[in-house]
Amino acid sequence: MLDARIRDLAVRGPGPDRTQNRLDLLQALGLNPLPVRKQLKARVTGTIQRDGYRLEKIRYESFPGFLVTAHLYVPDGPGPFPVILNPHGHFEFKKVQPLIQSRGISLALEGFAALIVDSPGGSWDRNKLNERAAIGDHDNWFLNMGISVAGVYAWDLIRGLDYLETRSDMDCSRVGITGASGVGLATMYTFAIDDRILCAVPVCYATSMEVSTQNGCLCNHVPGVMNLGDRSDILAIRAPAPIMLIGATDDPEFPPEGHRKTFAKLQAVYRSKKSESKIRLELFESKHDYNRRMREAMVAFFREHLLGEPKREHVPEKRPLTDGAHNPYEAGTTPVDDPRLMVTPWFDRETHSFRDLLQTALQDLRQSPYSVEKRLVRWGRYTRIEKIQVGGVLTIVDRGQSSTEPGFISLPVEAIDQRACIYLGLSVPEVLAQWLHHVFPGGPEGWESARVGSMTGDAFTSMIASVKTLVSSANPEAPVTKVIAEGPVASMTSLFLKLYRPNLEIQTSHHFDGWHDALTMEIRQLVQPGARYLAWPFAGFSVLTDVTERIS
């Protein structure tokens, strides 16, 4: 059901106002308004001279006290050099991964300055070489309340470009950006929100959500981003700026058909602007990667659109470098554990954390009223909805309990794909409450006919089927007049349900004063995506919060 909703929004696309679409994207990232550009405190901590280029080790603060570490590959000569921003993918050793080093070296030998910025926090890189580990785990559900990991990384890159603008050897009038996999995301979003970046090459990422809705890493899931449409719609914010999509033929998570779909959508946009030559798709016989063949196509694209050279399919790499993640010989690169590659020693990595950024964001609320009309989804468009009877009093719990009593529902809290909820900008309790509102008597009429698929075998089907077997003794004509909620998720679900049914009496086991209680309780299913921008809608509710009869 959630997947069908995601695909539907990908088909619909955003509104025609691209300025508003960019503001909406900034809000999804937690960057609206843009953070104040405080002092970068940037410095070069060391330089390594190589044949044809030098490697500068850079540190700066993207937010006050928030450490960023990066490598800057600079060609030999006086410059100024055009700039390529390089977020990296989820690799074990971040910027020093041989595959990532190869990209910086290759670009430098082609006359580009390449800034490779370490991703914030830890993912698959929990080791002593991770200079940004102290920021925290990037798989942090709570960040979606105020500022997403994708938003943090985009701001790291934007501030990195701010630093390069202070240098006379950098030509920041000619800037491109490229990254693969989970930072194809950072590539796409940073490009969409910063007009200084003239062209972009997202690699193994920009597939249509109509084709593939499952992106395992939590950092891909930006709160409510599906309200902006498909990935092509995000990229189209910058049309007709040049874009090349690169994909792999053997990539289940970001499949080639998804790249073709995105390309076709962008073609239509660029054709309307008489700029179809500025959009390009390259698919390689490869697994999920950023290999040598992909790099050679990327370099050709940047030489065309930043240096004004004729169009070429590829530019042969000047030296044999690490081919890719699936053929990772280390030719031309430095061993990852070479201490000279470290920007900061272990004792000089003091930094603010993700949680610090979140707390700061939640102190700067930009909240709009909660609109039931706008947020209540017509779920009958996506699945078969069958009304059920539960009698006058309903008990809902979130502890995986079962009962033979009528009017009892054990909510499938753990079974719901919270990542999909984040894409949609909905919390788990919000989705549960909307579903209950639809299936109980007195719910939205005319929303029941399914347009997409059915619910066979999913968590909601199991929940409703179990209820139907429990209500034979209930009065089939009686509407639900009271909900008794046991557990934090059930309690929040009942609050949302009362939004849709104001006359409903609710009795909860847990009391909430605001979205911040999700942080206090450390219960991820309570996270309201984009809470910083959404007013608390339950003020003034009449709620009995002392449940006297516990469910045994």
# chains A, B, ... in the order shown; residues from 1 in each chain; ligands from 1
call {"tool": "residues_around", "arguments": {"residues": "Ala248 of chain A", "least_positions_apart": "6", "cutoff": "10 Å", "atoms": "only C-alpha atoms", "output": "list in words"}}
result
Val203, Cys204, Tyr205, Phe254, Pro255, Pro256, His259, Glu282, Leu283, Phe284, Glu285, Ser286, Lys287, His288, Asp289, Tyr290 and Met294 of chain A
call {"tool": "closest_atom_pairs", "arguments": {"of": "segment 3-95 of chain A", "to": "segment 170-174 of chain A", "cutoff": "9 Å", "atoms": "only C-alpha atoms", "output": "Markdown table"}}
result
| residue | atom | partner | partner_atom | distance |
| --- | --- | --- | --- | --- |
| A:Gly79 | CA | A:Met170 | CA | 6.7 |
| A:Pro80 | CA | A:Met170 | CA | 4.6 |
| A:Phe81 | CA | A:Met170 | CA | 4.9 |
| A:Pro82 | CA | A:Asp171 | CA | 4.8 |
| A:Val83 | CA | A:Arg174 | CA | 6.4 |
| A:Ile84 | CA | A:Arg174 | CA | 8.6 |
call {"tool": "residues_around", "arguments": {"residues": "segment 140-150 of chain A", "least_positions_apart": "3", "cutoff": "7 Å", "atoms": "only C-alpha atoms", "output": "ChimeraX atom specification"}}
result
/A:29-30,137,153-154,186,219,222-223,358,361-362,519,524,527-532
call {"tool": "residues_around", "arguments": {"residues": "Gln367 of chain A", "least_positions_apart": "3", "cutoff": "6 Å", "atoms": "only C-alpha atoms", "output": "list in words"}}
result
Tyr533, Leu534 and Ala535 of chain A
